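Here is upload_24.cif, consisting of mmCIF, C-alpha atoms:
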data_target
loop_
_atom_site.group_PDB
_atom_site.id
_atom_site.type_symbol
_atom_site.label_atom_id
_atom_site.label_comp_id
_atom_site.auth_asym_id
_atom_site.auth_seq_id
_atom_site.Cartn_x
_atom_site.Cartn_y
_atom_site.Cartn_z
ATOM 1 C CA MET A 87 -5.705 -50.305 -36.997
ATOM 2 C CA LYS A 88 -7.770 -53.433 -37.525
ATOM 3 C CA LYS A 89 -6.386 -54.889 -34.307
ATOM 4 C CA VAL A 90 -7.408 -51.783 -32.345
ATOM 5 C CA LEU A 91 -10.910 -51.984 -33.787
ATOM 6 C CA LEU A 92 -11.153 -55.679 -32.922
ATOM 7 C CA VAL A 93 -10.031 -55.018 -29.355
ATOM 8 C CA LEU A 94 -12.553 -52.179 -29.038
ATOM 9 C CA LEU A 95 -15.280 -54.401 -30.424
ATOM 10 C CA ALA A 96 -14.364 -57.184 -27.995
ATOM 11 C CA LEU A 97 -14.402 -54.730 -25.076
ATOM 12 C CA SER A 98 -17.796 -53.344 -26.130
ATOM 13 C CA ALA A 99 -19.199 -56.843 -26.400
ATOM 14 C CA LEU A 100 -17.826 -57.617 -22.941
ATOM 15 C CA GLY A 101 -19.288 -54.392 -21.579
ATOM 16 C CA ALA A 102 -22.649 -55.162 -23.141
ATOM 17 C CA GLY A 103 -22.500 -58.674 -21.735
ATOM 18 C CA ILE A 104 -21.748 -57.427 -18.241
ATOM 19 C CA GLY A 105 -24.486 -54.830 -18.551
ATOM 20 C CA PHE A 106 -26.990 -57.437 -19.678
ATOM 21 C CA TYR A 107 -25.989 -59.736 -16.816
ATOM 22 C CA MET A 108 -26.274 -56.943 -14.214
ATOM 23 C CA PHE A 109 -29.615 -55.762 -15.564
ATOM 24 C CA ASN A 110 -31.151 -59.203 -15.443
ATOM 25 C CA LYS A 111 -29.495 -60.472 -12.264
ATOM 26 C CA PRO A 112 -32.135 -61.835 -9.895
ATOM 27 C CA LEU A 113 -32.064 -61.286 -6.149
ATOM 28 C CA THR A 114 -29.321 -63.255 -4.402
ATOM 29 C CA SER A 115 -30.408 -65.851 -1.898
ATOM 30 C CA THR A 116 -29.893 -64.702 1.683
ATOM 31 C CA GLN A 117 -28.332 -68.099 2.410
ATOM 32 C CA SER A 118 -25.164 -66.987 0.640
ATOM 33 C CA MET A 119 -25.032 -63.521 2.204
ATOM 34 C CA LYS A 120 -22.695 -62.638 5.037
ATOM 35 C CA THR A 121 -24.350 -61.746 8.359
ATOM 36 C CA ASP A 122 -24.057 -58.064 9.260
ATOM 37 C CA HIS A 123 -25.486 -58.292 12.790
ATOM 38 C CA LYS A 124 -26.090 -61.160 15.179
ATOM 39 C CA ILE A 125 -28.628 -59.848 17.659
ATOM 40 C CA GLN A 126 -31.295 -60.964 20.114
ATOM 41 C CA SER A 127 -34.957 -60.149 19.504
ATOM 42 C CA ASN A 128 -35.315 -57.800 22.491
ATOM 43 C CA ALA A 129 -32.219 -55.811 21.548
ATOM 44 C CA LEU A 130 -33.419 -55.325 17.968
ATOM 45 C CA LEU A 131 -36.939 -54.358 18.997
ATOM 46 C CA THR A 132 -35.702 -51.947 21.656
ATOM 47 C CA ALA A 133 -33.398 -50.275 19.139
ATOM 48 C CA PHE A 134 -36.389 -49.479 16.903
ATOM 49 C CA GLU A 135 -38.721 -48.558 19.755
ATOM 50 C CA GLU A 136 -36.250 -46.115 21.282
ATOM 51 C CA ASN A 137 -34.954 -44.435 18.157
ATOM 52 C CA GLU A 138 -36.431 -45.536 14.874
ATOM 53 C CA VAL A 139 -34.342 -43.141 12.768
ATOM 54 C CA GLU A 140 -31.097 -44.390 14.278
ATOM 55 C CA ALA A 141 -32.191 -48.017 14.078
ATOM 56 C CA ASN A 142 -33.148 -47.578 10.417
ATOM 57 C CA ALA A 143 -29.713 -46.149 9.659
ATOM 58 C CA LYS A 144 -28.055 -49.050 11.433
ATOM 59 C CA TYR A 145 -30.211 -51.996 10.364
ATOM 60 C CA LEU A 146 -32.125 -51.301 7.128
ATOM 61 C CA ASP A 147 -30.977 -53.564 4.279
ATOM 62 C CA LYS A 148 -28.612 -55.381 6.644
ATOM 63 C CA VAL A 149 -28.476 -59.150 7.041
ATOM 64 C CA ILE A 150 -29.570 -59.940 10.586
ATOM 65 C CA GLU A 151 -29.038 -63.303 12.242
ATOM 66 C CA MET A 152 -31.144 -64.141 15.281
ATOM 67 C CA THR A 153 -31.682 -67.112 17.561
ATOM 68 C CA GLY A 154 -34.969 -67.046 19.379
ATOM 69 C CA GLU A 155 -38.163 -68.790 20.334
ATOM 70 C CA ILE A 156 -40.981 -69.007 17.824
ATOM 71 C CA ASP A 157 -44.090 -67.200 19.049
ATOM 72 C CA LYS A 158 -46.202 -67.949 15.990
ATOM 73 C CA VAL A 159 -45.930 -69.354 12.470
ATOM 74 C CA GLU A 160 -48.236 -68.071 9.746
ATOM 75 C CA ILE A 161 -48.529 -69.636 6.318
ATOM 76 C CA LYS A 162 -50.543 -67.654 3.772
ATOM 77 C CA ASP A 163 -50.456 -68.062 -0.021
ATOM 78 C CA GLU A 164 -47.284 -70.165 0.311
ATOM 79 C CA LYS A 165 -45.543 -67.432 2.263
ATOM 80 C CA THR A 166 -44.249 -68.525 5.669
ATOM 81 C CA SER A 167 -43.888 -65.844 8.340
ATOM 82 C CA VAL A 168 -42.114 -66.742 11.574
ATOM 83 C CA TYR A 169 -42.746 -64.497 14.577
ATOM 84 C CA ILE A 170 -39.854 -64.520 17.077
ATOM 85 C CA ALA A 171 -40.910 -63.640 20.616
ATOM 86 C CA THR A 172 -39.812 -60.557 22.491
ATOM 87 C CA ASP A 173 -40.615 -59.349 26.009
ATOM 88 C CA ASN A 174 -43.225 -57.028 24.477
ATOM 89 C CA PRO A 175 -46.436 -59.054 24.032
ATOM 90 C CA LEU A 176 -47.605 -56.673 21.293
ATOM 91 C CA SER A 177 -44.482 -56.818 19.146
ATOM 92 C CA SER A 178 -42.355 -59.542 17.587
ATOM 93 C CA ILE A 179 -39.579 -59.865 15.088
ATOM 94 C CA ILE A 180 -41.187 -61.154 11.903
ATOM 95 C CA PHE A 181 -39.059 -63.207 9.527
ATOM 96 C CA GLN A 182 -40.737 -63.754 6.199
ATOM 97 C CA LEU A 183 -39.085 -66.811 4.677
ATOM 98 C CA GLU A 184 -37.629 -67.007 1.194
ATOM 99 C CA GLN A 185 -39.109 -70.469 0.739
ATOM 100 C CA PRO A 186 -42.182 -71.995 2.390
ATOM 101 C CA LEU A 187 -41.378 -74.214 5.364
ATOM 102 C CA GLU A 188 -43.969 -76.330 7.098
ATOM 103 C CA ASP A 189 -42.274 -78.105 9.959
ATOM 104 C CA LEU A 190 -41.821 -75.139 12.290
ATOM 105 C CA SER A 191 -43.910 -74.754 15.417
ATOM 106 C CA GLU A 192 -44.591 -72.486 18.381
ATOM 107 C CA GLY A 193 -42.032 -72.764 21.162
ATOM 108 C CA GLN A 194 -39.277 -74.064 18.900
ATOM 109 C CA VAL A 195 -35.922 -72.321 19.190
ATOM 110 C CA VAL A 196 -34.512 -71.510 15.777
ATOM 111 C CA THR A 197 -31.772 -69.465 14.160
ATOM 112 C CA LEU A 198 -32.919 -67.353 11.255
ATOM 113 C CA LYS A 199 -31.182 -64.936 8.906
ATOM 114 C CA GLY A 200 -33.032 -62.228 7.008
ATOM 115 C CA ILE A 201 -32.834 -58.736 5.572
ATOM 116 C CA CYS A 202 -34.226 -55.927 7.711
ATOM 117 C CA THR A 203 -36.844 -53.735 6.064
ATOM 118 C CA GLY A 204 -37.870 -51.672 9.075
ATOM 119 C CA TYR A 205 -40.429 -51.324 11.830
ATOM 120 C CA LEU A 206 -44.214 -51.190 11.798
ATOM 121 C CA MET A 207 -45.806 -52.800 14.874
ATOM 122 C CA ASP A 208 -42.978 -55.353 14.687
ATOM 123 C CA VAL A 209 -39.529 -55.411 13.133
ATOM 124 C CA VAL A 210 -39.908 -56.993 9.700
ATOM 125 C CA LEU A 211 -37.230 -59.044 7.955
ATOM 126 C CA VAL A 212 -37.713 -60.546 4.503
ATOM 127 C CA ARG A 213 -35.999 -63.149 2.277
ATOM 128 C CA ALA A 214 -35.265 -65.052 5.465
ATOM 129 C CA VAL A 215 -33.678 -68.493 5.700
ATOM 130 C CA LEU A 216 -33.461 -71.022 8.502
ATOM 131 C CA ILE A 217 -29.901 -71.588 9.691
ATOM 132 C CA LYS A 218 -30.684 -74.288 12.178
ATOM 133 C CA ASN A 219 -33.368 -75.755 14.417
ATOM 134 C CA MET B 186 -83.702 -49.831 42.191
ATOM 135 C CA LYS B 187 -80.077 -48.649 42.013
ATOM 136 C CA LYS B 188 -78.990 -52.185 41.075
ATOM 137 C CA VAL B 189 -81.554 -52.314 38.245
ATOM 138 C CA ILE B 190 -80.285 -49.001 36.881
ATOM 139 C CA ILE B 191 -76.652 -50.114 37.046
ATOM 140 C CA ILE B 192 -77.356 -53.474 35.419
ATOM 141 C CA THR B 193 -79.454 -51.854 32.685
ATOM 142 C CA PHE B 194 -76.668 -49.334 32.031
ATOM 143 C CA ILE B 195 -74.024 -52.084 31.771
ATOM 144 C CA ALA B 196 -76.276 -54.187 29.549
ATOM 145 C CA ALA B 197 -76.940 -51.227 27.251
ATOM 146 C CA PHE B 198 -73.246 -50.466 27.064
ATOM 147 C CA ALA B 199 -72.505 -54.122 26.241
ATOM 148 C CA ILE B 200 -75.131 -54.203 23.492
ATOM 149 C CA VAL B 201 -73.781 -51.021 21.921
ATOM 150 C CA ASN B 202 -70.282 -52.510 21.911
ATOM 151 C CA VAL B 203 -71.083 -56.066 20.831
ATOM 152 C CA ASN B 204 -70.147 -55.283 17.240
ATOM 153 C CA ALA B 205 -67.127 -53.167 18.111
ATOM 154 C CA GLN B 206 -64.256 -55.279 16.926
ATOM 155 C CA LYS B 207 -60.774 -54.649 15.607
ATOM 156 C CA TYR B 208 -59.562 -56.731 12.683
ATOM 157 C CA PHE B 209 -55.954 -56.870 11.599
ATOM 158 C CA THR B 210 -53.162 -58.598 9.784
ATOM 159 C CA LYS B 211 -49.403 -58.212 9.607
ATOM 160 C CA THR B 212 -49.037 -60.182 6.393
ATOM 161 C CA GLY B 213 -51.131 -58.224 3.934
ATOM 162 C CA GLN B 214 -50.152 -58.434 0.276
ATOM 163 C CA ILE B 215 -49.600 -55.321 -1.794
ATOM 164 C CA SER B 216 -48.335 -55.498 -5.349
ATOM 165 C CA PHE B 217 -47.816 -52.823 -7.921
ATOM 166 C CA PHE B 218 -47.486 -52.914 -11.652
ATOM 167 C CA SER B 219 -46.045 -50.479 -14.178
ATOM 168 C CA SER B 220 -46.625 -51.216 -17.836
ATOM 169 C CA THR B 221 -44.934 -49.477 -20.748
ATOM 170 C CA PRO B 222 -44.138 -50.610 -24.298
ATOM 171 C CA ILE B 223 -40.486 -50.880 -23.229
ATOM 172 C CA GLU B 224 -40.913 -53.013 -20.134
ATOM 173 C CA ASN B 225 -43.239 -54.186 -17.388
ATOM 174 C CA ILE B 226 -42.177 -53.729 -13.810
ATOM 175 C CA GLU B 227 -43.829 -55.394 -10.891
ATOM 176 C CA ALA B 228 -43.099 -55.930 -7.235
ATOM 177 C CA VAL B 229 -44.864 -57.462 -4.271
ATOM 178 C CA THR B 230 -44.736 -57.409 -0.510
ATOM 179 C CA ASN B 231 -46.407 -59.812 1.899
ATOM 180 C CA SER B 232 -45.699 -57.936 5.085
ATOM 181 C CA ALA B 233 -48.103 -55.022 4.992
ATOM 182 C CA SER B 234 -49.936 -54.262 8.238
ATOM 183 C CA THR B 235 -53.539 -53.197 8.465
ATOM 184 C CA VAL B 236 -56.124 -52.600 11.154
ATOM 185 C CA TYR B 237 -59.863 -52.087 10.729
ATOM 186 C CA ASP B 238 -62.047 -50.857 13.567
ATOM 187 C CA SER B 239 -65.651 -51.862 12.957
ATOM 188 C CA GLU B 240 -66.920 -49.466 15.622
ATOM 189 C CA SER B 241 -65.667 -46.338 13.894
ATOM 190 C CA GLY B 242 -65.176 -47.599 10.347
ATOM 191 C CA LYS B 243 -61.549 -46.445 10.513
ATOM 192 C CA ILE B 244 -59.026 -48.377 8.503
ATOM 193 C CA GLN B 245 -55.250 -48.046 8.406
ATOM 194 C CA TRP B 246 -52.462 -49.569 6.351
ATOM 195 C CA ALA B 247 -48.695 -49.384 6.690
ATOM 196 C CA VAL B 248 -46.058 -50.972 4.514
ATOM 197 C CA LEU B 249 -42.264 -50.928 4.518
ATOM 198 C CA ILE B 250 -40.945 -49.861 1.122
ATOM 199 C CA LYS B 251 -37.876 -52.083 1.412
ATOM 200 C CA SER B 252 -40.120 -55.127 1.752
ATOM 201 C CA PHE B 253 -41.185 -54.915 -1.913
ATOM 202 C CA GLU B 254 -39.459 -57.636 -3.908
ATOM 203 C CA PHE B 255 -38.684 -57.369 -7.596
ATOM 204 C CA GLU B 256 -37.603 -60.050 -10.020
ATOM 205 C CA LYS B 257 -34.417 -58.182 -10.846
ATOM 206 C CA ALA B 258 -31.957 -56.986 -8.194
ATOM 207 C CA LEU B 259 -31.065 -53.826 -10.117
ATOM 208 C CA MET B 260 -34.701 -52.777 -10.400
ATOM 209 C CA GLN B 261 -35.130 -53.187 -6.649
ATOM 210 C CA GLU B 262 -32.014 -51.131 -6.040
ATOM 211 C CA HIS B 263 -33.155 -48.290 -8.339
ATOM 212 C CA PHE B 264 -36.648 -48.364 -6.856
ATOM 213 C CA ASN B 265 -35.312 -47.941 -3.312
ATOM 214 C CA GLU B 266 -32.333 -45.666 -3.881
ATOM 215 C CA ASN B 267 -33.435 -43.439 -6.744
ATOM 216 C CA TYR B 268 -37.230 -43.317 -6.884
ATOM 217 C CA MET B 269 -38.629 -44.009 -3.438
ATOM 218 C CA GLU B 270 -35.549 -42.898 -1.399
ATOM 219 C CA SER B 271 -36.653 -45.528 1.073
ATOM 220 C CA SER B 272 -33.829 -44.851 3.528
ATOM 221 C CA LYS B 273 -35.371 -41.399 3.972
ATOM 222 C CA TYR B 274 -39.024 -42.487 3.661
ATOM 223 C CA PRO B 275 -39.105 -46.101 4.836
ATOM 224 C CA LYS B 276 -42.904 -46.453 4.944
ATOM 225 C CA ALA B 277 -46.007 -45.820 2.928
ATOM 226 C CA THR B 278 -49.198 -45.412 4.945
ATOM 227 C CA PHE B 279 -52.913 -45.055 4.479
ATOM 228 C CA LYS B 280 -55.253 -43.612 7.117
ATOM 229 C CA GLY B 281 -58.907 -43.465 6.288
ATOM 230 C CA GLU B 282 -62.327 -44.870 6.763
ATOM 231 C CA ILE B 283 -64.914 -47.045 5.134
ATOM 232 C CA LYS B 284 -67.977 -45.072 4.118
ATOM 233 C CA ASP B 285 -71.268 -46.764 5.065
ATOM 234 C CA PHE B 286 -69.268 -49.081 7.318
ATOM 235 C CA GLU B 287 -72.474 -49.924 9.193
ATOM 236 C CA ASN B 288 -73.397 -52.049 6.168
ATOM 237 C CA LEU B 289 -70.152 -54.004 6.398
ATOM 238 C CA ASN B 290 -70.959 -56.929 8.663
ATOM 239 C CA LEU B 291 -67.844 -59.030 9.094
ATOM 240 C CA GLU B 292 -69.713 -61.533 11.248
ATOM 241 C CA THR B 293 -72.134 -62.548 8.510
ATOM 242 C CA ASP B 294 -71.135 -64.475 5.376
ATOM 243 C CA GLY B 295 -71.400 -62.414 2.255
ATOM 244 C CA THR B 296 -69.621 -60.159 -0.191
ATOM 245 C CA TYR B 297 -69.565 -56.467 0.588
ATOM 246 C CA VAL B 298 -68.368 -53.753 -1.752
ATOM 247 C CA VAL B 299 -67.497 -50.579 0.095
ATOM 248 C CA GLU B 300 -65.910 -47.244 -0.606
ATOM 249 C CA VAL B 301 -62.739 -46.327 1.249
ATOM 250 C CA VAL B 302 -61.572 -42.722 1.578
ATOM 251 C CA GLY B 303 -58.540 -41.331 3.283
ATOM 252 C CA ASP B 304 -54.987 -40.067 3.067
ATOM 253 C CA LEU B 305 -52.280 -41.998 1.273
ATOM 254 C CA THR B 306 -48.694 -41.083 2.111
ATOM 255 C CA ILE B 307 -45.914 -42.201 -0.217
ATOM 256 C CA HIS B 308 -42.398 -40.779 -0.387
ATOM 257 C CA GLY B 309 -43.294 -38.284 2.339
ATOM 258 C CA VAL B 310 -46.195 -36.820 0.317
ATOM 259 C CA THR B 311 -49.822 -37.158 1.460
ATOM 260 C CA LYS B 312 -52.745 -37.138 -0.944
ATOM 261 C CA PRO B 313 -56.435 -37.832 -0.401
ATOM 262 C CA ILE B 314 -57.634 -40.900 -2.271
ATOM 263 C CA LYS B 315 -60.836 -42.808 -2.821
ATOM 264 C CA SER B 316 -61.111 -46.464 -3.734
ATOM 265 C CA LYS B 317 -63.546 -49.375 -3.826
ATOM 266 C CA ALA B 318 -62.795 -52.416 -1.689
ATOM 267 C CA LYS B 319 -64.404 -55.828 -1.629
ATOM 268 C CA PHE B 320 -64.762 -57.775 1.607
ATOM 269 C CA LYS B 321 -65.681 -61.466 1.437
ATOM 270 C CA VAL B 322 -66.791 -63.215 4.579
ATOM 271 C CA LEU B 323 -67.072 -66.987 4.489
ATOM 272 C CA GLU B 324 -67.226 -69.130 7.611
ATOM 273 C CA ASP B 325 -65.105 -66.816 9.781
ATOM 274 C CA LYS B 326 -62.571 -66.156 7.017
ATOM 275 C CA ILE B 327 -62.462 -62.504 6.000
ATOM 276 C CA THR B 328 -60.649 -61.533 2.821
ATOM 277 C CA ALA B 329 -60.412 -58.042 1.436
ATOM 278 C CA SER B 330 -59.151 -56.734 -1.856
ATOM 279 C CA SER B 331 -58.827 -53.407 -3.560
ATOM 280 C CA ASP B 332 -57.278 -51.982 -6.705
ATOM 281 C CA LEU B 333 -56.263 -48.410 -7.233
ATOM 282 C CA ASN B 334 -54.076 -46.358 -9.541
ATOM 283 C CA VAL B 335 -51.675 -43.675 -8.417
ATOM 284 C CA LEU B 336 -49.788 -41.094 -10.416
ATOM 285 C CA VAL B 337 -46.029 -41.224 -9.865
ATOM 286 C CA ALA B 338 -45.746 -37.451 -10.155
ATOM 287 C CA ASP B 339 -48.329 -36.875 -7.408
ATOM 288 C CA TYR B 340 -45.879 -38.230 -4.845
ATOM 289 C CA LYS B 341 -42.885 -36.219 -6.086
ATOM 290 C CA ILE B 342 -41.147 -39.354 -7.291
ATOM 291 C CA ASP B 343 -38.445 -38.231 -9.713
ATOM 292 C CA VAL B 344 -37.885 -40.495 -12.650
ATOM 293 C CA PRO B 345 -34.631 -39.703 -14.501
ATOM 294 C CA ALA B 346 -35.104 -38.714 -18.128
ATOM 295 C CA VAL B 347 -33.062 -41.683 -19.336
ATOM 296 C CA VAL B 348 -35.636 -44.171 -17.966
ATOM 297 C CA LYS B 349 -38.786 -42.051 -18.332
ATOM 298 C CA GLU B 350 -40.131 -44.350 -21.045
ATOM 299 C CA ASN B 351 -39.535 -47.441 -18.888
ATOM 300 C CA ILE B 352 -41.832 -46.404 -16.069
ATOM 301 C CA ALA B 353 -45.556 -45.796 -16.401
ATOM 302 C CA LYS B 354 -46.928 -42.428 -15.308
ATOM 303 C CA GLU B 355 -49.717 -44.265 -13.527
ATOM 304 C CA ILE B 356 -48.971 -47.302 -11.367
ATOM 305 C CA GLU B 357 -51.560 -50.006 -10.682
ATOM 306 C CA ILE B 358 -51.670 -51.070 -7.043
ATOM 307 C CA SER B 359 -53.374 -54.271 -5.918
ATOM 308 C CA ILE B 360 -54.160 -55.071 -2.317
ATOM 309 C CA LYS B 361 -55.156 -58.486 -1.051
ATOM 310 C CA THR B 362 -55.421 -59.554 2.544
ATOM 311 C CA GLU B 363 -57.074 -61.709 5.136
ATOM 312 C CA TYR B 364 -58.289 -60.019 8.284
ATOM 313 C CA GLU B 365 -58.188 -61.690 11.686
ATOM 314 C CA LEU B 366 -60.115 -60.671 14.736
ATOM 315 C CA LEU B 367 -57.876 -58.965 17.258
ATOM 316 C CA ASP B 368 -58.261 -60.860 20.559
ATOM 317 C CA ARG B 369 -58.852 -58.498 23.423
#

Take the structure from the file and write it as structure tokens.
Amino acid sequence: MKKVLLVLLALSALGAGIGFYMFNKPLTSTQSMKTDHKIQSNALLTAFEENEVEANAKYLDKVIEMTGEIDKVEIKDEKTSVYIATDNPLSSIIFQLEQPLEDLSEGQVVTLKGICTGYLMDVVLVRAVLIKN
Amino acid sequence: MKKVIIITFIAAFAIVNVNAQKYFTKTGQISFFSSTPIENIEAVTNSASTVYDSESGKIQWAVLIKSFEFEKALMQEHFNENYMESSKYPKATFKGEIKDFENLNLETDGTYVVEVVGDLTIHGVTKPIKSKAKFKVLEDKITASSDLNVLVADYKIDVPAVVKENIAKEIEISIKTEYELLDR
């Protein structure tokens, strides 16, 4: 009987431990996440422009990897936003970086990976990381 | 004589439109805060979009719900999947105007406190709201900020009974942004 109680106690403690860990787990870095879609900027933008509902179903919360030319870099309050050019002069793919990065510039071709949050005037990806310059 | 009339007309039109500018950003910051004795919950996004038209006084905001980041992964998951249903309602928007916008001169240094009224849509539900906003203009840099409280229940956000005590009935929202002139 005692043994059964001890085992139950151990299991409860384990359960509580797992629960505590899960509850307090911070967001995982995108660097360690597997890419869901490798896609060009025009293809991603077109998908949202043509059918936002379908594009949301396909891309929201997914890890997107993209190689493209930087149209603009914006650094505000230590947040770096990289705008990847598309054929539409009014819309870009915006990658908001996980960590601030200062040595990026317009015209540079980079590969970025980020999590898609949807479409406003641009397609917005957050928690983004630089894969390579 | 015709030429004089045409030139006068064009000049008058130009004068009327000299202050008609659009200001915008795609990296506005919106954070929200829920405080209860059990726990505090906060999240922030830095990818809100906003446009202000100084000719009409109209102002608009749009933010992607999935862009809000929490400290804890589980909180973010619950927020998106259970409360905000962000796959169904991916955006929150505000469409309104600045009252007395003629007194808001974004080309002259100063601090301007204005009242903003309009429709706030969260979780597919639209409610009229009213809020004060502060614009600070200093040497071509325009910053704006506003704080407002919203009731969770107003936007049909269902909080399960088991966590009712963890989430405040009224959420504090803080908006902070820099506006840039939209180049024509």

Translate the PyMOL selection byres ((chain B) within 9 of (chain A)) into a concrete residue list for this structure, as a PDB file with C-alpha atoms, in the frame of the given file.
ATOM      1  CA  LYS B 211     -49.403 -58.212   9.607  1.00  0.00           C
ATOM      2  CA  THR B 212     -49.037 -60.182   6.393  1.00  0.00           C
ATOM      3  CA  ASN B 231     -46.407 -59.812   1.899  1.00  0.00           C
ATOM      4  CA  SER B 232     -45.699 -57.936   5.085  1.00  0.00           C
ATOM      5  CA  ALA B 233     -48.103 -55.022   4.992  1.00  0.00           C
ATOM      6  CA  SER B 234     -49.936 -54.262   8.238  1.00  0.00           C
ATOM      7  CA  ALA B 247     -48.695 -49.384   6.690  1.00  0.00           C
ATOM      8  CA  VAL B 248     -46.058 -50.972   4.514  1.00  0.00           C
ATOM      9  CA  LEU B 249     -42.264 -50.928   4.518  1.00  0.00           C
ATOM     10  CA  ILE B 250     -40.945 -49.861   1.122  1.00  0.00           C
ATOM     11  CA  LYS B 251     -37.876 -52.083   1.412  1.00  0.00           C
ATOM     12  CA  SER B 252     -40.120 -55.127   1.752  1.00  0.00           C
ATOM     13  CA  GLU B 254     -39.459 -57.636  -3.908  1.00  0.00           C
ATOM     14  CA  PHE B 255     -38.684 -57.369  -7.596  1.00  0.00           C
ATOM     15  CA  GLU B 256     -37.603 -60.050 -10.020  1.00  0.00           C
ATOM     16  CA  LYS B 257     -34.417 -58.182 -10.846  1.00  0.00           C
ATOM     17  CA  ALA B 258     -31.957 -56.986  -8.194  1.00  0.00           C
ATOM     18  CA  LEU B 259     -31.065 -53.826 -10.117  1.00  0.00           C
ATOM     19  CA  MET B 260     -34.701 -52.777 -10.400  1.00  0.00           C
ATOM     20  CA  GLN B 261     -35.130 -53.187  -6.649  1.00  0.00           C
ATOM     21  CA  SER B 272     -33.829 -44.851   3.528  1.00  0.00           C
ATOM     22  CA  PRO B 275     -39.105 -46.101   4.836  1.00  0.00           C
ATOM     23  CA  LYS B 276     -42.904 -46.453   4.944  1.00  0.00           C
ATOM     24  CA  GLU B 363     -57.074 -61.709   5.136  1.00  0.00           C
TER      25      GLU B 363
END

Point-to-point distance in Å for CA of Glu262 (chain B) and CA of Gly103 (chain A):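 These two atoms are separated by 19.8 Å.
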
Given only C-alpha atoms as the counted atoms, nearest of A:Gly193, A:Pro175, A:Ile150, A:Lys158 to Val215 (chain A):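 Checking each candidate against Val215 (chain A), we get A:Ile150 as the closest.
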
Output of the PyMOL selection byres ((chain A and resi 132) around 12), listed as JSON, numbers by chain: {"A": [125, 126, 127, 128, 129, 130, 131, 133, 134, 135, 136, 137, 138, 140, 141, 172, 173, 174, 177, 178, 179, 205, 208, 209]}

For CA of Ala96 (chain A) and CA of Val347 (chain B), the interatomic separation in Å (one decimal):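 Between these atoms lies a distance of 25.8 Å.
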
Non-local contacts of Met119 (chain A) (10 Å; only C-alpha atoms; under 3 positions in same chain excluded) as an mmCIF file with C-alpha atoms, keeping the file's coordinate frame:
data_model
loop_
_atom_site.group_PDB
_atom_site.id
_atom_site.type_symbol
_atom_site.label_atom_id
_atom_site.label_comp_id
_atom_site.auth_asym_id
_atom_site.auth_seq_id
_atom_site.Cartn_x
_atom_site.Cartn_y
_atom_site.Cartn_z
ATOM 1 C CA THR A 114 -29.321 -63.255 -4.402
ATOM 2 C CA SER A 115 -30.408 -65.851 -1.898
ATOM 3 C CA THR A 116 -29.893 -64.702 1.683
ATOM 4 C CA ASP A 122 -24.057 -58.064 9.260
ATOM 5 C CA LYS A 148 -28.612 -55.381 6.644
ATOM 6 C CA VAL A 149 -28.476 -59.150 7.041
ATOM 7 C CA LYS A 199 -31.182 -64.936 8.906
ATOM 8 C CA GLY A 200 -33.032 -62.228 7.008
ATOM 9 C CA ILE A 201 -32.834 -58.736 5.572
#

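Taken over the whole file, the PyMOL selection byres ((chain B and resi 287) around 10) covers exactly B:Asn204, B:Ser239, B:Glu240, B:Ser241, B:Gly242, B:Ile283, B:Lys284, B:Asp285, B:Phe286, B:Asn288, B:Leu289, B:Asn290.
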
Go ahead and write the selection's residues with C-alpha atoms as a PDB file, keeping the file's coordinate frame.
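And here is the file that came out, again31.pdb:
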ATOM      1  CA  ASN B 204     -70.147 -55.283  17.240  1.00  0.00           C
ATOM      2  CA  SER B 239     -65.651 -51.862  12.957  1.00  0.00           C
ATOM      3  CA  GLU B 240     -66.920 -49.466  15.622  1.00  0.00           C
ATOM      4  CA  SER B 241     -65.667 -46.338  13.894  1.00  0.00           C
ATOM      5  CA  GLY B 242     -65.176 -47.599  10.347  1.00  0.00           C
ATOM      6  CA  ILE B 283     -64.914 -47.045   5.134  1.00  0.00           C
ATOM      7  CA  LYS B 284     -67.977 -45.072   4.118  1.00  0.00           C
ATOM      8  CA  ASP B 285     -71.268 -46.764   5.065  1.00  0.00           C
ATOM      9  CA  PHE B 286     -69.268 -49.081   7.318  1.00  0.00           C
ATOM     10  CA  ASN B 288     -73.397 -52.049   6.168  1.00  0.00           C
ATOM     11  CA  LEU B 289     -70.152 -54.004   6.398  1.00  0.00           C
ATOM     12  CA  ASN B 290     -70.959 -56.929   8.663  1.00  0.00           C
TER      13      ASN B 290
END

Separation of CA of Gly281 (chain B) from CA of Lys321 (chain B) in Å: 19.8 Å

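Considering only C-alpha atoms, the residue among B:Phe217, B:Tyr268, B:Phe320, B:Phe209 positioned nearest to Ile358 (chain B) is B:Phe217.
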
Protein and nucleic acid residues near (-63.4, -47.7, -4.1) (cut-off 10 Å, all atoms listed in the file) as a ChimeraX atom specification: /B:283-284,298-302,314-319,331-333

If I wrap all listed atoms of region 211-216 of chain B in a box with edges along x, y and z and add 3 Å on each side, what are its centre and edge lengths in Å to one decimal, as JSON?
{"center_x": -49.7, "center_y": -57.8, "center_z": 2.1, "size_x": 8.8, "size_y": 10.9, "size_z": 21.0}

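In this comparison, which uses all atoms listed in the file, the residue of B:Leu291, B:Lys326, B:Ile226, B:Phe253 approaching Gln206 (chain B) most closely is B:Leu291.
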